[in-house]
$ cat work20.cif   # mmCIF, C-alpha atoms
data_run
loop_
_atom_site.label_atom_id
_atom_site.label_comp_id
_atom_site.auth_asym_id
_atom_site.auth_seq_id
_atom_site.Cartn_x
_atom_site.Cartn_y
_atom_site.Cartn_z
CA MET A 1 -7.83 0.87 -0.44
CA LEU A 2 -4.36 -0.01 0.84
CA ARG A 3 -2.62 -3.05 2.29
CA PHE A 4 -0.30 -2.79 5.28
CA LEU A 5 1.99 -5.39 6.77
CA THR A 6 1.81 -4.51 10.45
CA ARG A 7 3.86 -5.76 13.35
CA ASP A 8 0.83 -6.21 15.64
CA LEU A 9 -1.99 -7.27 13.29
CA GLY A 10 -0.27 -9.00 10.38
CA LEU A 11 -1.49 -8.15 6.89
CA VAL A 12 -4.34 -5.63 7.04
CA GLY A 13 -6.51 -4.11 4.31
CA VAL A 14 -7.67 -0.56 5.03
CA MET A 15 -9.84 2.16 3.62
CA ALA A 16 -7.72 5.31 3.61
CA LYS A 17 -10.33 8.04 3.39
CA GLY A 18 -8.97 11.47 2.54
CA VAL A 19 -5.37 10.26 2.42
CA ARG A 20 -4.61 12.14 -0.81
CA ARG A 21 -6.03 15.38 0.55
CA ARG A 22 -4.01 15.07 3.75
CA ALA A 23 -0.86 14.25 1.76
CA SER A 24 -1.31 17.38 -0.37
CA LEU A 25 -1.37 19.35 2.87
CA GLY A 26 1.87 17.69 4.03
CA GLU A 27 0.11 15.57 6.66
CA GLY A 28 1.41 12.01 6.76
CA ALA A 29 1.76 10.87 3.18
CA VAL A 30 1.31 7.14 2.63
CA GLY A 31 3.88 5.99 0.09
CA THR A 32 4.40 2.54 -1.36
CA TYR A 33 6.95 0.61 0.76
CA ALA A 34 7.07 3.41 3.36
CA GLU A 35 7.45 2.42 7.01
CA GLY A 36 5.71 4.30 9.77
CA THR A 37 3.11 4.29 12.53
CA ALA A 38 -0.46 3.59 11.47
CA VAL A 39 -3.51 4.30 13.59
CA ILE A 40 -6.20 1.86 12.46
CA ALA A 41 -9.80 1.64 13.65
CA HIS A 42 -9.91 -2.15 13.86
CA ARG A 43 -13.06 -4.23 14.16
CA GLU A 44 -13.05 -8.03 14.24
CA GLY A 45 -14.71 -9.71 11.29
CA ARG A 46 -14.15 -6.88 8.84
CA ASP A 47 -12.22 -7.46 5.64
CA LEU A 48 -11.39 -3.76 5.40
CA GLN A 49 -10.45 -1.64 8.39
CA THR A 50 -10.31 2.16 8.53
CA LEU A 51 -7.01 4.01 8.46
CA VAL A 52 -7.24 6.95 10.84
CA GLU A 53 -3.70 8.27 10.55
CA PHE A 54 -0.31 7.32 9.17
CA THR A 55 2.93 8.93 10.31
CA PRO A 56 5.89 7.90 8.12
CA THR A 57 9.24 7.21 9.76
CA ASP A 58 11.07 6.04 6.63
CA LEU A 59 9.75 6.73 3.13
CA GLN A 60 12.42 4.45 1.58
CA MET A 61 13.05 7.01 -1.15
CA GLY A 62 16.19 5.16 -2.21
CA LEU A 63 14.01 2.44 -3.75
CA ALA A 64 12.84 4.91 -6.39
CA THR A 65 16.34 5.71 -7.65
CA ASP A 66 16.75 2.44 -9.59
CA PHE A 67 14.07 0.35 -11.29
CA ARG A 68 15.86 -2.80 -10.08
CA ARG A 69 15.40 -1.70 -6.48
CA LEU A 70 11.70 -1.13 -7.15
CA SER A 71 11.51 -4.53 -8.85
CA GLY A 72 13.09 -6.18 -5.81
CA ALA A 73 10.68 -4.45 -3.46
CA SER A 74 7.79 -5.57 -5.67
CA VAL A 75 8.99 -9.18 -5.49
CA ALA A 76 8.90 -8.96 -1.69
CA ALA A 77 5.41 -7.43 -1.86
CA GLU A 78 4.19 -10.33 -4.00
CA LEU A 79 5.34 -12.81 -1.33
CA ILE A 80 3.74 -10.76 1.45
CA LEU A 81 0.40 -10.38 -0.30
CA ARG A 82 0.19 -14.14 -0.89
CA HIS A 83 1.48 -15.37 2.46
CA GLY A 84 1.57 -12.48 4.93
CA GLY A 85 -1.47 -13.73 6.83
CA GLN A 86 -3.73 -11.94 9.28
CA GLU A 87 -1.82 -13.06 12.35
CA PRO A 88 1.04 -11.10 13.95
CA ASN A 89 4.44 -12.16 12.64
CA PRO A 90 7.08 -9.80 14.04
CA CYS A 91 9.90 -11.80 12.40
CA LEU A 92 8.34 -11.39 8.96
CA TYR A 93 7.76 -7.69 9.60
CA ARG A 94 11.40 -7.21 10.60
CA ALA A 95 12.69 -9.28 7.68
CA LEU A 96 10.75 -7.05 5.27
CA THR A 97 11.60 -3.69 6.82
CA ASP A 98 15.28 -4.48 7.36
CA GLY A 99 15.60 -5.93 3.86
CA LEU A 100 13.92 -2.94 2.20
CA ALA A 101 16.14 -0.54 4.13
CA ARG A 102 19.28 -2.36 2.96
CA LEU A 103 17.97 -2.52 -0.59
CA ALA A 104 17.26 1.22 -0.61
CA ARG A 105 20.86 1.93 0.44
CA SER A 106 22.57 -0.67 -1.74
CA SER A 107 25.06 0.15 -4.46
CA PRO A 108 24.07 -0.76 -8.04
CA GLY A 109 26.30 -3.83 -8.03
CA ASP A 110 24.76 -5.16 -4.81
CA ILE A 111 21.08 -4.82 -5.71
CA ALA A 112 20.54 -8.39 -6.92
CA GLY A 113 22.26 -9.82 -3.85
CA GLU A 114 20.12 -7.72 -1.51
CA VAL A 115 16.95 -8.83 -3.32
CA LEU A 116 18.00 -12.46 -2.97
CA ALA A 117 18.74 -11.99 0.74
CA LEU A 118 15.43 -10.21 1.35
CA CYS A 119 13.31 -12.78 -0.46
CA TRP A 120 15.05 -15.91 0.81
CA ARG A 121 14.89 -14.58 4.36
CA MET A 122 11.13 -14.09 3.97
CA VAL A 123 10.78 -17.61 2.55
CA GLU A 124 12.64 -18.94 5.61
CA VAL A 125 10.55 -16.94 8.10
CA LEU A 126 7.34 -18.10 6.41
CA GLY A 127 8.42 -21.69 7.06
CA PHE A 128 9.24 -22.73 3.49
CA GLY A 129 13.03 -22.62 3.65
CA PRO A 130 14.80 -25.40 1.70
CA GLU A 131 16.72 -28.22 3.37
CA LEU A 132 20.45 -27.77 2.73
CA ARG A 133 22.19 -30.09 5.19
CA THR A 134 20.25 -33.34 4.90
CA CYS A 135 19.47 -35.35 1.78
CA THR A 136 15.75 -35.15 1.06
CA ALA A 137 15.85 -38.63 -0.51
CA CYS A 138 17.50 -40.72 2.22
CA GLY A 139 17.73 -38.39 5.22
CA GLY A 140 21.49 -38.71 5.45
CA GLY A 141 23.72 -35.75 6.20
CA LEU A 142 25.79 -34.08 3.52
CA GLY A 143 29.52 -33.63 3.86
CA GLU A 144 30.99 -30.17 3.59
CA ARG A 145 32.59 -30.99 0.24
CA ASP A 146 29.79 -33.06 -1.27
CA MET A 147 28.45 -32.11 -4.68
CA ALA A 148 24.66 -32.31 -4.35
CA ARG A 149 21.63 -31.69 -6.53
CA PHE A 150 18.79 -29.31 -5.71
CA ASP A 151 15.35 -30.90 -6.03
CA ILE A 152 12.72 -28.15 -6.34
CA ALA A 153 9.72 -30.39 -5.66
CA GLY A 154 11.51 -32.13 -2.79
CA GLY A 155 12.29 -28.82 -1.15
CA GLY A 156 16.02 -29.24 -0.78
CA VAL A 157 19.20 -31.04 -1.71
CA VAL A 158 19.77 -34.65 -2.78
CA GLY A 159 23.08 -36.21 -1.79
CA PRO A 160 25.61 -37.57 -4.29
CA GLU A 161 24.82 -41.21 -3.49
CA CYS A 162 21.08 -40.90 -4.13
CA ARG A 163 19.20 -40.86 -7.39
CA HIS A 164 18.24 -37.33 -8.26
CA PRO A 165 15.07 -36.40 -10.17
CA PRO A 166 15.22 -35.10 -13.76
CA GLY A 167 15.75 -31.37 -13.95
CA SER A 168 17.50 -31.09 -10.60
CA ARG A 169 20.39 -28.64 -10.46
CA ARG A 170 23.95 -29.09 -9.34
CA VAL A 171 24.66 -27.27 -6.10
CA GLY A 172 28.14 -27.51 -4.68
CA PRO A 173 29.47 -26.61 -1.24
CA LEU A 174 30.05 -22.95 -2.15
CA ALA A 175 26.54 -22.46 -3.55
CA ARG A 176 24.99 -24.19 -0.51
CA GLY A 177 26.98 -21.95 1.79
CA HIS A 178 25.83 -18.86 -0.10
CA LEU A 179 22.21 -19.99 0.01
CA ASP A 180 22.49 -20.65 3.74
CA LEU A 181 23.66 -17.05 4.25
CA LEU A 182 20.86 -15.69 2.05
CA LEU A 183 18.29 -17.57 4.13
CA ARG A 184 19.58 -15.64 7.14
CA GLY A 185 19.19 -12.36 5.26
CA ASP A 186 22.91 -11.88 4.66
CA VAL A 187 24.59 -11.25 1.30
CA PRO A 188 27.74 -13.34 0.74
CA GLY A 189 30.75 -11.19 0.02
CA ASP A 190 31.80 -13.43 -2.86
CA LEU A 191 28.33 -14.17 -4.25
CA ARG A 192 28.59 -15.87 -7.65
CA GLY A 193 26.10 -17.11 -10.22
CA VAL A 194 23.51 -14.44 -9.50
CA ARG A 195 21.39 -15.45 -12.49
CA ALA A 196 21.32 -19.05 -11.27
CA HIS A 197 20.35 -17.90 -7.78
CA LEU A 198 17.52 -15.76 -9.17
CA SER A 199 16.31 -18.67 -11.29
CA LEU A 200 16.31 -20.96 -8.25
CA LEU A 201 14.35 -18.41 -6.21
CA GLN A 202 11.84 -18.08 -9.05
CA ASP A 203 11.27 -21.81 -9.44
CA PHE A 204 11.26 -22.57 -5.71
CA THR A 205 8.73 -19.89 -4.77
CA ALA A 206 6.50 -20.74 -7.75
CA HIS A 207 6.35 -24.37 -6.65
CA HIS A 208 6.08 -23.98 -2.87
CA LEU A 209 4.44 -20.60 -2.29
CA LEU A 210 2.66 -19.35 -5.40
CA GLY A 211 0.77 -22.33 -6.78
CA GLY A 212 2.93 -22.61 -9.88
CA ARG A 213 2.85 -18.91 -10.77
CA PRO A 214 6.19 -17.10 -11.15
CA LEU A 215 7.10 -13.94 -9.29
CA ALA A 216 6.07 -11.37 -11.90
CA SER A 217 8.41 -8.62 -10.77
CA LEU A 218 11.52 -10.81 -10.83
CA ARG A 219 11.70 -10.70 -14.63
CA PHE A 220 12.74 -7.04 -14.46
CA LEU A 221 15.72 -7.92 -12.29
CA ALA A 222 17.13 -11.07 -13.87
CA PRO A 223 18.25 -9.63 -17.24
CA SER A 224 20.43 -7.02 -15.56
CA ALA A 225 21.89 -9.26 -12.85
#

$ encode --input "work20.cif" --output "structure tokens"
Amino acid sequence: MLRFLTRDLGLVGVMAKGVRRRASLGEGAVGTYAEGTAVIAHREGRDLQTLVEFTPTDLQMGLATDFRRLSGASVAAELILRHGGQEPNPCLYRALTDGLARLARSSPGDIAGEVLALCWRMVEVLGFGPELRTCTACGGGLGERDMARFDIAGGGVVGPECRHPPGSRRVGPLARGHLDLLLRGDVPGDLRGVRAHLSLLQDFTAHHLLGGRPLASLRFLAPSA
């Protein structure tokens, strides 16, 4: 049994009968995180469809060259499996495939940044992106130079004039700018505080997307960031 994120059908579970035998014969191997064209015998109302054929176009072999790349891809998979949905979402499909391709090609020093960009972009596309320009407490706009606080439960920033909840984190103009770029899927050229960014991603997704559970694969990335 396999799970595919498809451009046309959303997240689909399939029975891949004989896939190992075909792979041993060199006929369309299905690899984890591979991108390709899948022929699926789809019937409405079924939890599991039947995979007829899979033709890979990109096996993403670069992900296997560093355990941190694999960890980052696994983090993305966790988000997809929880929130991919069974409705077409071409933007989510493109965010995942583009992000995995960049991650597979990234240099060792850029891996953490690419993982952050991939995951925050998916969070944004799924509709859970944090509010960075308006205070979540009073609704007022933040100035470009304002020092704000990030309220996890509130889903965004609290301005300097408003009372911030216990445990909120300082987030200055530079950090907000970096997070804004990450939400677009771009890695800032001068990204700083990678550990803090990974911690924020962990806490934010646990609260808003994963029912309080942390992203299990992220722990393999954070110590080496």

$ resolve_selection --input "work20.cif" --expression "the PyMOL selection byres ((chain A and resi 144-161) around 12)" --output "ChimeraX atom specification"
/A:123-124,127-143,162-177,179-180,196-197,199-209,212

$ resolve_selection --input "work20.cif" --expression "the PyMOL selection byres ((chain A and resi 120) around 9)" --output "ChimeraX atom specification"
/A:115-119,121-125,129,179,182-185,201

$ closest_residue --input "work20.cif" --among "A:Leu9, A:Ile111, A:Val194, A:Met15" --to "Gly62 (chain A)" --atoms "only C-alpha atoms"
A:Ile111

$ resolve_selection --input "work20.cif" --expression "the PyMOL selection byres ((chain A and resi 108) around 9)" --output "PyMOL selection string"
chain A and resi 66+68-69+106-107+109-112

$ closest_residue --input "work20.cif" --among "A:Ala64, A:Leu96, A:Val75, A:Val14" --to "Ile40 (chain A)" --atoms "all atoms listed in the file"
A:Val14

$ atom_distance --input "work20.cif" --atom1 "CA of Cys91 (chain A)" --atom2 "CA of Arg219 (chain A)"
27.1 Å

$ closest_residue --input "work20.cif" --among "A:Gly211, A:Gly193, A:Gly10, A:Gly31" --to "Gly84 (chain A)" --atoms "all atoms listed in the file"
A:Gly10

$ closest_residue --input "work20.cif" --among "A:Thr65, A:Thr57, A:Ser217, A:Gln86" --to "Phe4 (chain A)" --atoms "all atoms listed in the file"
A:Gln86

$ closest_residue --input "work20.cif" --among "A:Pro90, A:Arg3, A:Thr97, A:Arg82" --to "Gly36 (chain A)" --atoms "only C-alpha atoms"
A:Thr97

$ closest_residue --input "work20.cif" --among "A:Ser71, A:Gly45, A:Leu11, A:Ala16" --to "Leu100 (chain A)" --atoms "all atoms listed in the file"
A:Ser71

$ atom_distance --input "work20.cif" --atom1 "CA of Asp190 (chain A)" --atom2 "CA of Ala73 (chain A)"
23.0 Å

$ atom_distance --input "work20.cif" --atom1 "CA of Arg43 (chain A)" --atom2 "CA of Val12 (chain A)"
11.3 Å

$ decode --input "work20.cif" --residues "region 52-65 of chain A" --atoms "all heavy atoms" --output "PDB file, in the first residue's frame"
ATOM      1  N   VAL A  52      -2.029   1.144 -11.483  1.00  0.00           N
ATOM      2  CA  VAL A  52      -1.820   0.347 -12.695  1.00  0.00           C
ATOM      3  C   VAL A  52      -0.383   0.457 -13.166  1.00  0.00           C
ATOM      4  O   VAL A  52       0.263  -0.538 -13.521  1.00  0.00           O
ATOM      5  CB  VAL A  52      -2.789   0.797 -13.808  1.00  0.00           C
ATOM      6  CG1 VAL A  52      -2.540   0.008 -15.098  1.00  0.00           C
ATOM      7  CG2 VAL A  52      -4.239   0.641 -13.356  1.00  0.00           C
ATOM      8  N   GLU A  53       0.130   1.689 -13.132  1.00  0.00           N
ATOM      9  CA  GLU A  53       1.483   1.918 -13.664  1.00  0.00           C
ATOM     10  C   GLU A  53       2.039   3.205 -13.091  1.00  0.00           C
ATOM     11  O   GLU A  53       1.296   4.162 -12.824  1.00  0.00           O
ATOM     12  CB  GLU A  53       1.423   2.011 -15.192  1.00  0.00           C
ATOM     13  CG  GLU A  53       2.762   2.228 -15.882  1.00  0.00           C
ATOM     14  CD  GLU A  53       2.610   2.350 -17.395  1.00  0.00           C
ATOM     15  OE1 GLU A  53       1.506   2.087 -17.906  1.00  0.00           O
ATOM     16  OE2 GLU A  53       3.591   2.739 -18.036  1.00  0.00           O
ATOM     17  N   PHE A  54       3.345   3.233 -12.879  1.00  0.00           N
ATOM     18  CA  PHE A  54       4.013   4.453 -12.439  1.00  0.00           C
ATOM     19  C   PHE A  54       5.280   4.633 -13.251  1.00  0.00           C
ATOM     20  O   PHE A  54       6.139   3.742 -13.293  1.00  0.00           O
ATOM     21  CB  PHE A  54       4.365   4.404 -10.954  1.00  0.00           C
ATOM     22  CG  PHE A  54       5.054   5.647 -10.462  1.00  0.00           C
ATOM     23  CD1 PHE A  54       4.333   6.798 -10.207  1.00  0.00           C
ATOM     24  CD2 PHE A  54       6.430   5.670 -10.258  1.00  0.00           C
ATOM     25  CE1 PHE A  54       4.966   7.949  -9.759  1.00  0.00           C
ATOM     26  CE2 PHE A  54       7.064   6.813  -9.812  1.00  0.00           C
ATOM     27  CZ  PHE A  54       6.325   7.954  -9.561  1.00  0.00           C
ATOM     28  N   THR A  55       5.387   5.776 -13.905  1.00  0.00           N
ATOM     29  CA  THR A  55       6.573   6.096 -14.700  1.00  0.00           C
ATOM     30  C   THR A  55       7.302   7.262 -14.042  1.00  0.00           C
ATOM     31  O   THR A  55       6.807   8.394 -14.045  1.00  0.00           O
ATOM     32  CB  THR A  55       6.190   6.491 -16.136  1.00  0.00           C
ATOM     33  OG1 THR A  55       5.432   5.439 -16.726  1.00  0.00           O
ATOM     34  CG2 THR A  55       7.440   6.758 -16.967  1.00  0.00           C
ATOM     35  N   PRO A  56       8.453   7.015 -13.415  1.00  0.00           N
ATOM     36  CA  PRO A  56       9.155   8.099 -12.707  1.00  0.00           C
ATOM     37  C   PRO A  56       9.764   9.105 -13.679  1.00  0.00           C
ATOM     38  O   PRO A  56      10.275   8.741 -14.740  1.00  0.00           O
ATOM     39  CB  PRO A  56      10.241   7.357 -11.930  1.00  0.00           C
ATOM     40  CG  PRO A  56      10.472   6.099 -12.700  1.00  0.00           C
ATOM     41  CD  PRO A  56       9.157   5.727 -13.321  1.00  0.00           C
ATOM     42  N   THR A  57       9.673  10.376 -13.315  1.00  0.00           N
ATOM     43  CA  THR A  57      10.341  11.438 -14.070  1.00  0.00           C
ATOM     44  C   THR A  57      11.492  12.046 -13.280  1.00  0.00           C
ATOM     45  O   THR A  57      12.392  12.629 -13.848  1.00  0.00           O
ATOM     46  CB  THR A  57       9.345  12.549 -14.448  1.00  0.00           C
ATOM     47  OG1 THR A  57       8.732  13.061 -13.261  1.00  0.00           O
ATOM     48  CG2 THR A  57       8.252  12.007 -15.378  1.00  0.00           C
ATOM     49  N   ASP A  58      11.428  11.922 -11.955  1.00  0.00           N
ATOM     50  CA  ASP A  58      12.508  12.421 -11.096  1.00  0.00           C
ATOM     51  C   ASP A  58      12.521  11.576  -9.828  1.00  0.00           C
ATOM     52  O   ASP A  58      11.605  11.648  -9.016  1.00  0.00           O
ATOM     53  CB  ASP A  58      12.291  13.894 -10.747  1.00  0.00           C
ATOM     54  CG  ASP A  58      13.516  14.520 -10.089  1.00  0.00           C
ATOM     55  OD1 ASP A  58      14.378  13.763  -9.606  1.00  0.00           O
ATOM     56  OD2 ASP A  58      13.601  15.763 -10.048  1.00  0.00           O
ATOM     57  N   LEU A  59      13.551  10.780  -9.652  1.00  0.00           N
ATOM     58  CA  LEU A  59      13.645   9.901  -8.484  1.00  0.00           C
ATOM     59  C   LEU A  59      14.172  10.622  -7.238  1.00  0.00           C
ATOM     60  O   LEU A  59      14.225  10.030  -6.162  1.00  0.00           O
ATOM     61  CB  LEU A  59      14.556   8.707  -8.795  1.00  0.00           C
ATOM     62  CG  LEU A  59      14.001   7.715  -9.822  1.00  0.00           C
ATOM     63  CD1 LEU A  59      15.057   6.667 -10.158  1.00  0.00           C
ATOM     64  CD2 LEU A  59      12.740   7.051  -9.295  1.00  0.00           C
ATOM     65  N   GLN A  60      14.549  11.889  -7.392  1.00  0.00           N
ATOM     66  CA  GLN A  60      15.047  12.691  -6.270  1.00  0.00           C
ATOM     67  C   GLN A  60      16.155  11.964  -5.503  1.00  0.00           C
ATOM     68  O   GLN A  60      16.175  11.928  -4.256  1.00  0.00           O
ATOM     69  CB  GLN A  60      13.885  13.027  -5.305  1.00  0.00           C
ATOM     70  CG  GLN A  60      12.720  13.737  -5.936  1.00  0.00           C
ATOM     71  CD  GLN A  60      13.036  15.176  -6.329  1.00  0.00           C
ATOM     72  OE1 GLN A  60      14.190  15.579  -6.408  1.00  0.00           O
ATOM     73  NE2 GLN A  60      12.007  15.956  -6.582  1.00  0.00           N
ATOM     74  N   MET A  61      17.099  11.399  -6.232  1.00  0.00           N
ATOM     75  CA  MET A  61      18.166  10.625  -5.600  1.00  0.00           C
ATOM     76  C   MET A  61      19.046  11.470  -4.685  1.00  0.00           C
ATOM     77  O   MET A  61      19.680  10.953  -3.769  1.00  0.00           O
ATOM     78  CB  MET A  61      19.022   9.963  -6.682  1.00  0.00           C
ATOM     79  CG  MET A  61      18.263   8.946  -7.535  1.00  0.00           C
ATOM     80  SD  MET A  61      17.580   7.598  -6.561  1.00  0.00           S
ATOM     81  CE  MET A  61      19.084   6.759  -6.067  1.00  0.00           C
ATOM     82  N   GLY A  62      19.076  12.778  -4.931  1.00  0.00           N
ATOM     83  CA  GLY A  62      19.884  13.649  -4.085  1.00  0.00           C
ATOM     84  C   GLY A  62      19.426  13.660  -2.638  1.00  0.00           C
ATOM     85  O   GLY A  62      20.216  13.960  -1.739  1.00  0.00           O
ATOM     86  N   LEU A  63      18.168  13.328  -2.377  1.00  0.00           N
ATOM     87  CA  LEU A  63      17.678  13.305  -1.004  1.00  0.00           C
ATOM     88  C   LEU A  63      18.372  12.227  -0.175  1.00  0.00           C
ATOM     89  O   LEU A  63      18.468  12.336   1.046  1.00  0.00           O
ATOM     90  CB  LEU A  63      16.162  13.074  -0.987  1.00  0.00           C
ATOM     91  CG  LEU A  63      15.297  14.170  -1.609  1.00  0.00           C
ATOM     92  CD1 LEU A  63      13.839  13.735  -1.636  1.00  0.00           C
ATOM     93  CD2 LEU A  63      15.444  15.481  -0.836  1.00  0.00           C
ATOM     94  N   ALA A  64      18.839  11.179  -0.841  1.00  0.00           N
ATOM     95  CA  ALA A  64      19.439  10.054  -0.125  1.00  0.00           C
ATOM     96  C   ALA A  64      20.913  10.269   0.198  1.00  0.00           C
ATOM     97  O   ALA A  64      21.524   9.430   0.859  1.00  0.00           O
ATOM     98  CB  ALA A  64      19.277   8.778  -0.950  1.00  0.00           C
ATOM     99  N   THR A  65      21.483  11.380  -0.226  1.00  0.00           N
ATOM    100  CA  THR A  65      22.913  11.601  -0.011  1.00  0.00           C
ATOM    101  C   THR A  65      23.234  12.236   1.338  1.00  0.00           C
ATOM    102  O   THR A  65      24.395  12.354   1.706  1.00  0.00           O
ATOM    103  CB  THR A  65      23.495  12.488  -1.126  1.00  0.00           C
ATOM    104  OG1 THR A  65      22.836  13.765  -1.097  1.00  0.00           O
ATOM    105  CG2 THR A  65      23.285  11.838  -2.496  1.00  0.00           C
TER     106      THR A  65
END
